[in-house]
$ cat query.txt   # compact mmCIF, C-alpha atoms
# COMPACT_ATOMS: atom_id res chain seq x y z
CA MET A 1 -1.07 -25.28 43.46
CA ARG A 2 1.42 -27.65 41.83
CA MET A 3 0.06 -26.57 38.42
CA PHE A 4 0.55 -22.91 39.34
CA PHE A 5 4.20 -23.51 40.23
CA LEU A 6 4.73 -25.47 37.05
CA VAL A 7 3.34 -22.64 34.91
CA ALA A 8 5.27 -20.00 36.87
CA VAL A 9 8.55 -21.91 36.57
CA SER A 10 8.09 -22.52 32.84
CA CYS A 11 7.30 -18.82 32.31
CA LEU A 12 10.36 -17.74 34.26
CA SER A 13 12.64 -20.18 32.48
CA SER A 14 11.48 -18.95 29.08
CA CYS A 15 11.84 -15.32 30.20
CA THR A 16 15.44 -15.85 31.24
CA ALA A 17 16.19 -17.10 27.72
CA TRP A 18 15.25 -13.70 26.28
CA PRO A 19 18.03 -11.36 25.24
CA VAL A 20 18.53 -8.39 27.54
CA PRO A 21 17.18 -5.10 26.09
CA SER A 22 19.93 -2.66 25.21
CA PRO A 23 20.11 0.69 23.37
CA PRO A 24 20.30 0.28 19.57
CA ILE A 25 23.57 0.92 17.76
CA SER A 26 23.08 2.87 14.54
CA THR A 27 25.56 3.35 11.71
CA LEU A 28 25.49 5.28 8.46
CA GLU A 29 26.36 2.61 5.88
CA VAL A 30 26.25 4.86 2.80
CA PRO A 31 26.33 8.68 3.04
CA PRO A 32 24.02 10.75 0.81
CA ALA A 33 25.62 11.89 -2.46
CA ALA A 34 27.23 15.31 -2.43
CA GLU A 35 25.31 16.14 -5.64
CA ILE A 36 22.12 16.50 -3.60
CA GLU A 37 21.78 20.25 -3.23
CA PRO A 38 19.87 22.36 -0.72
CA LEU A 39 16.36 23.35 -1.78
CA ARG A 40 16.06 26.73 -3.46
CA PRO A 41 13.26 29.17 -2.55
CA GLY A 42 9.86 27.86 -3.77
CA GLU A 43 11.08 24.29 -4.23
CA THR A 44 9.65 21.24 -2.49
CA LEU A 45 10.64 17.61 -2.05
CA ALA A 46 8.52 14.52 -1.61
CA VAL A 47 9.19 11.44 0.50
CA LEU A 48 7.73 8.22 -0.87
CA ALA A 49 7.74 4.65 0.47
CA ASP A 50 8.53 1.91 -2.05
CA ASP A 51 6.09 -0.34 -0.19
CA ARG A 52 3.66 1.24 2.25
CA MET A 53 3.43 -1.85 4.47
CA ALA A 54 7.18 -2.47 4.75
CA SER A 55 8.52 1.07 4.58
CA GLY A 56 5.59 3.23 5.70
CA TRP A 57 6.79 3.83 9.25
CA SER A 58 10.35 4.70 8.18
CA THR A 59 9.00 7.04 5.51
CA ASP A 60 6.76 8.88 7.98
CA CYS A 61 9.65 9.08 10.43
CA LEU A 62 12.05 10.59 7.84
CA THR A 63 9.30 12.97 6.71
CA GLY A 64 8.87 14.13 10.31
CA TYR A 65 12.57 15.01 10.65
CA LEU A 66 12.64 16.80 7.28
CA VAL A 67 9.45 18.77 8.04
CA GLU A 68 10.92 19.86 11.38
CA VAL A 69 13.92 21.47 9.71
CA LEU A 70 12.73 22.37 6.19
CA SER A 71 9.10 23.34 7.11
CA LYS A 72 5.90 21.55 6.14
CA ALA A 73 5.38 23.73 3.05
CA ARG A 74 8.49 22.24 1.45
CA VAL A 75 8.04 18.54 2.22
CA LEU A 76 5.23 16.41 0.75
CA ASP A 77 4.51 13.24 2.68
CA ASP A 78 3.86 9.82 1.17
CA SER A 79 0.08 10.05 0.86
CA ALA A 80 0.17 13.63 -0.47
CA VAL A 81 2.59 12.77 -3.29
CA ARG A 82 0.75 9.54 -4.20
CA ASP A 83 -2.56 11.41 -4.36
CA ALA A 84 -1.06 14.28 -6.37
CA PHE A 85 0.43 11.95 -9.01
CA PHE A 86 -2.27 9.26 -9.02
CA PRO A 87 -1.88 6.62 -10.42
CA TRP A 88 1.80 6.84 -11.39
CA LEU A 89 3.41 6.35 -7.95
CA GLU A 90 1.02 3.77 -6.52
CA THR A 91 2.99 0.55 -6.27
CA ALA A 92 6.61 -0.52 -6.03
CA GLN A 93 6.28 -1.72 -9.65
CA SER A 94 4.95 1.61 -10.94
CA ILE A 95 7.46 3.84 -9.14
CA PRO A 96 10.10 5.08 -11.64
CA VAL A 97 13.27 3.51 -10.28
CA SER A 98 15.35 3.71 -13.46
CA GLU A 99 16.35 6.70 -15.57
CA ALA A 100 14.26 5.42 -18.50
CA ALA A 101 11.20 5.03 -16.26
CA ALA A 102 11.76 8.48 -14.74
CA SER A 103 12.01 10.05 -18.20
CA GLU A 104 8.77 8.32 -19.22
CA PHE A 105 7.11 9.56 -16.01
CA LEU A 106 8.25 13.13 -16.66
CA ALA A 107 7.20 13.02 -20.32
CA ARG A 108 3.50 12.87 -19.39
CA PRO A 109 2.15 16.39 -19.99
CA ARG A 110 -0.13 16.42 -16.93
CA VAL A 111 2.58 15.02 -14.69
CA ALA A 112 5.02 17.71 -15.89
CA ALA A 113 2.38 20.40 -15.25
CA LYS A 114 1.79 19.06 -11.75
CA LEU A 115 5.54 19.06 -11.02
CA ARG A 116 5.76 22.71 -12.06
CA GLU A 117 2.69 23.57 -10.01
CA LEU A 118 4.18 21.99 -6.89
CA GLY A 119 7.76 23.16 -7.52
CA LEU A 120 8.87 19.61 -6.85
CA ARG A 121 12.62 19.14 -7.17
CA TYR A 122 13.36 15.80 -5.50
CA ILE A 123 11.46 12.63 -4.78
CA LEU A 124 13.12 10.56 -2.06
CA PHE A 125 12.27 6.85 -2.40
CA VAL A 126 12.52 5.08 0.94
CA ARG A 127 13.17 1.34 1.33
CA HIS A 128 13.08 -0.35 4.68
CA GLY A 129 14.05 -3.88 5.59
CA VAL A 130 14.13 -5.69 8.90
CA GLU A 131 15.90 -8.84 10.00
CA ALA A 132 14.82 -10.46 13.26
CA LYS A 133 16.56 -13.38 14.92
CA ARG A 134 13.67 -15.24 16.50
CA ASP A 135 13.00 -18.80 17.48
CA PRO A 136 9.57 -20.16 16.48
CA TRP A 137 8.34 -20.58 20.06
CA ARG A 138 9.25 -17.03 21.00
CA SER A 139 7.65 -15.52 17.90
CA GLN A 140 4.32 -17.09 18.88
CA SER A 141 4.39 -15.76 22.44
CA LEU A 142 2.37 -12.76 23.52
CA ALA A 143 5.42 -10.87 24.75
CA ALA A 144 9.03 -11.23 23.66
CA PHE A 145 12.34 -9.51 23.04
CA ASN A 146 14.07 -10.17 19.74
CA GLU A 147 17.40 -9.24 18.22
CA VAL A 148 16.53 -6.96 15.33
CA VAL A 149 18.45 -5.17 12.57
CA ASP A 150 16.64 -2.40 10.67
CA ARG A 151 17.99 -0.98 7.41
CA ILE A 152 16.70 2.17 5.71
CA ALA A 153 17.94 3.30 2.29
CA VAL A 154 16.98 6.35 0.26
CA THR A 155 17.29 7.07 -3.46
CA ALA A 156 16.79 10.66 -4.54
CA VAL A 157 15.45 11.45 -8.01
CA GLU A 158 16.23 14.95 -9.20
CA LEU A 159 13.21 15.73 -11.32
CA GLU A 160 14.71 18.59 -13.37
CA THR A 161 17.24 16.23 -14.92
CA ALA A 162 15.69 12.77 -14.19
CA CYS A 163 18.99 11.90 -12.46
CA PHE A 164 19.19 9.37 -9.63
CA ARG A 165 21.32 10.20 -6.60
CA VAL A 166 22.27 8.01 -3.69
CA GLY A 167 20.27 9.33 -0.76
CA GLY A 168 22.17 7.25 1.80
CA ALA A 169 21.58 4.15 3.87
CA ALA A 170 21.59 3.57 7.62
CA ARG A 171 21.24 0.51 9.83
CA ALA A 172 20.52 0.04 13.51
CA ALA A 173 20.88 -3.14 15.54
CA GLY A 174 19.35 -3.76 18.94
CA ILE A 175 16.72 -5.55 20.94
CA GLU A 176 13.07 -5.04 20.10
CA GLY A 177 10.46 -5.89 22.67
CA HIS A 178 6.90 -6.58 21.61
CA PHE A 179 3.71 -7.14 23.52
CA VAL A 180 0.78 -8.47 21.54
CA VAL A 181 -2.85 -7.77 22.33
CA PRO A 182 -5.09 -9.77 19.95
CA ILE A 183 -6.81 -7.49 17.41
CA PHE A 184 -5.05 -4.38 18.83
CA GLY A 185 -1.47 -5.64 18.50
CA PHE A 186 1.29 -3.16 19.18
CA VAL A 187 5.02 -3.01 19.63
CA LEU A 188 6.01 -1.99 23.11
CA LEU A 189 9.61 -1.12 22.31
CA SER A 190 10.94 -0.74 18.81
CA PRO A 191 13.94 1.50 19.02
CA THR A 192 15.98 0.12 16.12
CA GLU A 193 13.84 1.47 13.26
CA SER A 194 13.66 4.94 14.82
CA ALA A 195 17.43 4.92 15.48
CA ALA A 196 18.18 4.08 11.82
CA CYS A 197 15.71 6.75 10.72
CA ALA A 198 17.26 9.44 12.93
CA ARG A 199 20.74 8.58 11.68
CA LEU A 200 19.76 8.80 8.01
CA ALA A 201 17.66 11.93 8.48
CA SER A 202 20.53 13.84 10.07
CA ALA A 203 22.83 12.84 7.18
CA LEU A 204 20.24 13.87 4.58
CA LEU A 205 19.64 17.21 6.26
CA VAL A 206 23.33 18.06 5.99
CA GLU A 207 22.83 18.07 2.20
CA LEU A 208 19.29 19.46 2.00
CA ARG A 209 19.29 22.20 4.63
CA PRO A 210 19.37 25.59 2.90
CA ALA A 211 22.29 27.84 3.83
CA ASP A 212 21.16 30.63 6.15
CA MET B 1 -14.87 -26.79 47.55
CA ARG B 2 -11.88 -28.02 45.65
CA ARG B 3 -14.15 -29.55 43.02
CA ARG B 4 -16.03 -26.27 42.62
CA ARG B 5 -12.74 -24.45 42.04
CA LEU B 6 -11.71 -27.03 39.48
CA ALA B 7 -15.10 -26.72 37.77
CA ALA B 8 -14.75 -22.92 37.66
CA LEU B 9 -11.25 -23.27 36.22
CA LEU B 10 -12.59 -25.45 33.43
CA VAL B 11 -15.86 -23.61 32.76
CA LEU B 12 -14.51 -20.05 32.59
CA PRO B 13 -12.00 -20.71 29.79
CA ALA B 14 -14.67 -22.72 27.97
CA ILE B 15 -17.06 -19.74 28.10
CA ALA B 16 -14.28 -17.49 26.86
CA VAL B 17 -13.46 -19.83 23.97
CA VAL B 18 -17.11 -20.22 22.94
CA GLY B 19 -17.70 -16.48 23.27
CA CYS B 20 -14.70 -15.63 21.11
CA GLY B 21 -15.18 -18.42 18.62
CA GLY B 22 -18.91 -17.99 17.97
CA GLY B 23 -19.78 -17.35 14.33
CA LYS B 24 -20.14 -13.67 13.42
CA ASP B 25 -21.32 -11.98 10.26
CA VAL B 26 -19.82 -8.75 9.02
CA VAL B 27 -21.11 -6.75 6.07
CA LEU B 28 -18.58 -4.68 4.15
CA GLU B 29 -20.03 -2.26 1.62
CA PRO B 30 -17.51 0.42 0.69
CA ALA B 31 -19.08 3.78 -0.10
CA PRO B 32 -19.12 4.98 -3.71
CA GLY B 33 -15.91 6.90 -4.26
CA THR B 34 -13.82 4.57 -2.11
CA GLY B 35 -10.47 4.06 -3.81
CA TRP B 36 -11.04 6.74 -6.42
CA LEU B 37 -8.91 9.78 -7.19
CA PRO B 38 -8.81 12.03 -10.28
CA PRO B 39 -6.12 10.51 -12.52
CA LEU B 40 -3.34 12.52 -14.19
CA ILE B 41 -3.77 11.28 -17.77
CA GLU B 42 -4.41 12.51 -21.28
CA PRO B 43 -7.72 11.12 -22.65
CA LEU B 44 -7.73 8.98 -25.79
CA PRO B 45 -9.76 10.26 -28.75
CA LEU B 46 -12.54 7.69 -28.29
CA ARG B 47 -16.28 7.74 -27.66
CA LEU B 48 -17.30 4.71 -25.64
CA SER B 49 -20.33 3.24 -23.93
CA TYR B 50 -20.08 0.73 -21.12
CA VAL B 51 -22.27 -1.81 -19.34
CA PHE B 52 -21.80 -3.73 -16.10
CA GLU B 53 -22.33 -7.48 -15.93
CA PRO B 54 -24.54 -8.85 -13.10
CA SER B 55 -21.42 -10.18 -11.32
CA VAL B 56 -20.53 -6.60 -10.35
CA ASP B 57 -23.55 -6.40 -8.02
CA GLN B 58 -23.28 -9.91 -6.60
CA GLU B 59 -22.53 -10.27 -2.91
CA VAL B 60 -19.33 -12.18 -2.17
CA THR B 61 -19.21 -14.23 1.04
CA PHE B 62 -16.09 -15.70 2.62
CA SER B 63 -14.67 -16.67 5.98
CA ALA B 64 -11.58 -15.19 7.60
CA VAL B 65 -8.54 -17.30 6.85
CA SER B 66 -7.02 -17.53 10.32
CA SER B 67 -10.06 -18.04 12.52
CA GLY B 68 -12.70 -19.39 10.14
CA THR B 69 -15.41 -18.03 12.44
CA LEU B 70 -15.90 -14.57 10.95
CA THR B 71 -18.09 -14.55 7.86
CA THR B 72 -17.74 -11.45 5.71
CA HIS B 73 -20.41 -10.38 3.21
CA LEU B 74 -18.85 -8.08 0.68
CA ARG B 75 -20.99 -5.80 -1.51
CA LEU B 76 -18.74 -4.12 -4.02
CA GLY B 77 -21.41 -3.02 -6.54
CA PRO B 78 -21.79 0.68 -5.69
CA ALA B 79 -18.04 1.22 -5.20
CA THR B 80 -17.20 -0.61 -8.46
CA ARG B 81 -19.76 1.36 -10.45
CA ALA B 82 -18.45 4.64 -9.02
CA ILE B 83 -14.85 3.74 -9.89
CA PHE B 84 -15.67 3.07 -13.56
CA GLU B 85 -18.23 5.89 -13.89
CA ARG B 86 -15.70 8.41 -12.60
CA THR B 87 -12.53 7.03 -14.19
CA LEU B 88 -13.63 6.21 -17.76
CA PRO B 89 -14.55 9.84 -18.63
CA ALA B 90 -10.95 10.78 -17.75
CA LEU B 91 -9.51 8.04 -20.00
CA VAL B 92 -11.45 8.80 -23.19
CA GLU B 93 -13.07 11.77 -24.90
CA SER B 94 -16.58 10.56 -24.00
CA ALA B 95 -17.85 7.64 -21.91
CA ARG B 96 -21.52 6.91 -21.28
CA ALA B 97 -23.22 4.16 -19.30
CA GLY B 98 -25.63 2.00 -21.26
CA PRO B 99 -25.76 -0.01 -24.48
CA PRO B 100 -23.80 1.13 -27.58
CA ARG B 101 -25.23 4.14 -29.38
CA PRO B 102 -24.66 5.51 -32.91
CA GLY B 103 -21.43 7.45 -33.07
CA ASP B 104 -19.65 5.38 -30.45
CA ASN B 105 -16.22 3.97 -31.32
CA GLY B 106 -16.81 0.90 -29.19
CA SER B 107 -18.25 -0.44 -25.98
CA LEU B 108 -16.89 -1.95 -22.80
CA THR B 109 -18.35 -4.76 -20.69
CA ILE B 110 -17.18 -4.78 -17.10
CA ALA B 111 -17.33 -7.89 -14.89
CA LEU B 112 -16.23 -8.71 -11.37
CA LEU B 113 -14.07 -11.83 -11.72
CA GLY B 114 -13.31 -12.45 -8.07
CA VAL B 115 -12.36 -11.23 -4.62
CA GLU B 116 -9.89 -13.02 -2.39
CA VAL B 117 -8.62 -12.69 1.14
CA THR B 118 -5.43 -14.67 1.14
CA LYS B 119 -4.11 -13.86 4.59
CA ASP B 120 -5.16 -12.38 7.88
CA ALA B 121 -2.47 -12.94 10.42
CA TRP B 122 0.23 -11.36 12.50
CA SER B 123 3.37 -10.36 10.68
CA LEU B 124 6.43 -9.25 12.62
CA ARG B 125 4.95 -5.94 13.78
CA ASN B 126 1.37 -5.72 12.49
CA TYR B 127 -1.87 -7.59 12.07
CA VAL B 128 -2.20 -7.72 8.30
CA VAL B 129 -4.95 -8.53 5.82
CA ALA B 130 -4.17 -9.35 2.20
CA TRP B 131 -6.96 -8.57 -0.25
CA SER B 132 -7.19 -8.86 -4.00
CA VAL B 133 -9.96 -7.98 -6.42
CA ASP B 134 -10.06 -8.77 -10.15
CA TYR B 135 -12.18 -7.16 -12.86
CA GLY B 136 -12.49 -8.26 -16.47
CA ILE B 137 -12.97 -5.69 -19.23
CA THR B 138 -14.08 -6.61 -22.75
CA PHE B 139 -13.77 -4.08 -25.56
CA VAL B 140 -16.18 -4.56 -28.46
CA ASP B 141 -16.12 -2.78 -31.83
CA PRO B 142 -19.35 -1.03 -32.98
CA ASP B 143 -19.90 -3.87 -35.50
CA GLY B 144 -19.87 -6.41 -32.64
CA THR B 145 -16.31 -7.67 -33.16
CA ASP B 146 -14.53 -8.57 -29.94
CA ILE B 147 -11.39 -6.38 -29.89
CA GLY B 148 -9.89 -7.73 -26.69
CA THR B 149 -10.37 -8.69 -23.06
CA TRP B 150 -8.04 -7.87 -20.22
CA LYS B 151 -7.95 -8.20 -16.47
CA ILE B 152 -7.26 -5.48 -13.96
CA SER B 153 -6.40 -6.34 -10.39
CA GLY B 154 -6.03 -4.51 -7.14
CA ALA B 155 -4.13 -6.18 -4.34
CA THR B 156 -2.82 -4.97 -1.03
CA VAL B 157 -1.54 -6.10 2.33
CA TYR B 158 -2.71 -3.77 5.06
CA ASP B 159 -3.59 -3.63 8.71
CA GLY B 160 -7.38 -3.65 9.06
CA SER B 161 -10.00 -5.02 6.66
CA GLU B 162 -11.74 -1.78 5.70
CA GLU B 163 -8.53 0.11 5.01
CA ALA B 164 -7.17 -2.90 3.11
CA LEU B 165 -10.31 -2.96 0.99
CA ALA B 166 -10.09 0.78 0.25
CA GLN B 167 -6.44 0.37 -0.78
CA THR B 168 -7.33 -2.64 -2.94
CA LEU B 169 -9.98 -0.67 -4.82
CA ARG B 170 -7.52 2.19 -5.20
CA GLY B 171 -5.03 -0.29 -6.67
CA ALA B 172 -7.64 -1.52 -9.14
CA THR B 173 -8.45 2.07 -10.16
CA ALA B 174 -4.75 2.77 -10.66
CA GLU B 175 -4.34 -0.31 -12.83
CA LEU B 176 -7.41 0.60 -14.88
CA VAL B 177 -5.84 3.98 -15.67
CA ARG B 178 -2.34 2.65 -16.30
CA SER B 179 -3.40 -0.31 -18.39
CA PHE B 180 -6.08 1.22 -20.58
CA ALA B 181 -4.01 3.03 -23.20
CA VAL B 182 -1.33 0.33 -23.38
CA GLN B 183 -3.56 -2.71 -23.97
CA PRO B 184 -2.13 -4.34 -27.11
CA ALA B 185 -5.61 -4.87 -28.54
CA ILE B 186 -6.60 -1.23 -28.04
CA VAL B 187 -3.26 0.07 -29.34
CA ALA B 188 -3.54 -2.10 -32.48
CA TRP B 189 -7.18 -1.11 -33.00
CA LEU B 190 -6.39 2.62 -32.58
CA THR B 191 -3.42 2.37 -34.96
CA ALA B 192 -5.55 0.62 -37.59
CA ARG B 193 -8.25 3.29 -37.26
CA ARG B 194 -5.71 6.11 -37.60
CA GLU B 195 -4.20 4.48 -40.70
CA ALA B 196 -7.64 3.99 -42.23
CA MET B 197 -8.47 7.68 -41.70
CA THR B 198 -5.24 8.95 -43.35

$ encode --input "query.txt" --output "structure tokens"
Amino acid sequence: MRMFFLVAVSCLSSCTAWPVPSPPISTLEVPPAAEIEPLRPGETLAVLADDRMASGWSTDCLTGYLVEVLSKARVLDDSAVRDAFFPWLETAQSIPVSEAAASEFLARPRVAAKLRELGLRYILFVRHGVEAKRDPWRSQSLAAFNEVVDRIAVTAVELETACFRVGGAARAAGIEGHFVVPIFGFVLLSPTESAACARLASALLVELRPAD
Amino acid sequence: MRRRRLAALLVLPAIAVVGCGGGKDVVLEPAPGTGWLPPLIEPLPLRLSYVFEPSVDQEVTFSAVSSGTLTTHLRLGPATRAIFERTLPALVESARAGPPRPGDNGSLTIALLGVEVTKDAWSLRNYVVAWSVDYGITFVDPDGTDIGTWKISGATVYDGSEEALAQTLRGATAELVRSFAVQPAIVAWLTARREAMT
């Protein structure tokens, strides 16, 4: 019985040290460039993660918002664009992130033919980073709340001209709660990444939404 | 009574630990075609033959990094053969499996250099597995001269072993395509051949 109380008290004391969950606060750090124009009829855009492991969730989230407004026929998701241009958009190192690299990418005859076939006008490169303030003990525990800041940034490549445009950047700060089940680990509450995604998506859609 | 309770408290966790920690064997043999996609590339004007070294079909055995109790037997032979058999015909005018034949411009020898699992652990939000696979390719002139050897690697960090392996093979396929036409030895050899013909 004494052991039970000891365990219960130690659990409670560690729980009280957790930060209190609160709604995330999102801000648009950099707005998308005004040069990004609405899609014309027959044009599509692609959304691509710079690193699938780090930015995959944010990329899928942004894609979801864009598909909802622009329709699925006009937005290629990460796996569709990687498959279509295999192997030129596979890794962060192979993605054309400079004007010289983009020109080289576009100079490949089969790549250019594929771009025409798809009517692809923009590729949006998505980068996601996360900073978590955690103490070592808490990070090892099966359940915890951490102070987290998520940042999502987008670079738009206009494929007609191989020009790079700032696609915007958003951040969200808040408390993330996680609950770990060995093998099937999952995050119970992760509102910061979705808040940053929603903020950036709404800013991007202001530029990309076709005029009715 | 109290002793029985104490015994149960000690025995039950022990059973759980032994049950979870017992050695297990897992066989991973990705299907032919895993990690392969038709590449968008212009073929080089070359006729090549290619052979696989025995290392390609060797089983690789290793233990999981974090637990050390899970033994994985990896059989990459069929998937590796499929990757090269499907990709090489897209890279050159003609590619045939087997020893060099008259009319070929050269031959390739393909070897599996190694497979590594460097990490299987929890990251901030996911359980991740880091895989890497290395192949060695040797290009030999029809007269037997060694033109050059280069390494292609696939590496990925992913959640789940099988998906990580598929992505790793895909990475190796991508590097095979991207690296083939820009290998200094092949570029120099092609340039010399073009100059000799003009």

$ atom_distance --input "query.txt" --atom1 "atom CA of B:Gln167" --atom2 "atom CA of B:Gly98"
28.1 Å

$ atom_distance --input "query.txt" --atom1 "atom CA of B:Pro78" --atom2 "atom CA of B:Thr34"
9.6 Å

$ atom_distance --input "query.txt" --atom1 "atom CA of B:Leu74" --atom2 "atom CA of B:Val56"
11.3 Å

$ interface_residues --input "query.txt" --of "chain B" --to "chain A" --cutoff "6 Å" --atoms "all atoms listed in the file" --output "compact mmCIF listing (two decimals) with C-alpha atoms, in the frame of the given file"
# COMPACT_ATOMS: atom_id res chain seq x y z
CA PRO B 39 -6.12 10.51 -12.52
CA LEU B 40 -3.34 12.52 -14.19
CA ALA B 174 -4.75 2.77 -10.66

$ residues_around --input "query.txt" --residues "B:Ser132" --least-positions-apart "5" --cutoff "6 Å" --atoms "all atoms listed in the file" --output "list in words"
Val115, Glu116, Gly154 and Ala155 of chain B

$ closest_residue --input "query.txt" --among "A:Ile95, A:Ala195, A:Val206, A:Leu48" --to "A:Ile175" --atoms "all atoms listed in the file"
A:Ala195

$ closest_residue --input "query.txt" --among "B:Pro89, B:Pro184, B:Gly136, B:Pro142" --to "B:Asp104" --atoms "all atoms listed in the file"
B:Pro142

$ residues_near_point --input "query.txt" --point "(-6.8, 7.2, -0.7)" --cutoff "9 Å" --atoms "all atoms listed in the file" --output "list in words"
Ser79, Arg82 and Asp83 of chain A; Thr34, Gly35, Trp36, Leu37, Ala166, Gln167 and Arg170 of chain B

$ axis_aligned_box --input "query.txt" --around "stretch 53-64 of chain B" --padding-each-side "4 Å" --output "lines of an AutoDock Vina configuration file"
center_x = -18.1
center_y = -11.5
center_z = -4.2
size_x = 21.0
size_y = 18.3
size_z = 31.5

$ residues_around --input "query.txt" --residues "A:Ala162" --least-positions-apart "3" --cutoff "6 Å" --atoms "all atoms listed in the file" --output "list in words"
Ala102, Glu158 and Leu159 of chain A

$ closest_residue --input "query.txt" --among "A:Leu39, A:Leu120, A:Ile25, A:Ala198" --to "A:Leu70" --atoms "all atoms listed in the file"
A:Leu39

$ residues_around --input "query.txt" --residues "B:Arg81" --least-positions-apart "2" --cutoff "9 Å" --atoms "all atoms listed in the file" --output "ChimeraX atom specification"
/B:32,52,56-57,76-79,83-86

$ residues_near_point --input "query.txt" --point "(-7.7, 6.5, -17.4)" --cutoff "9 Å" --atoms "all atoms listed in the file" --output "PyMOL selection string"
chain B and resi 39-44+87-92+173-181

$ residues_around --input "query.txt" --residues "B:Phe62" --least-positions-apart "2" --cutoff "9 Å" --atoms "all atoms listed in the file" --output "PyMOL selection string"
chain B and resi 60+64-65+70-74+116-117
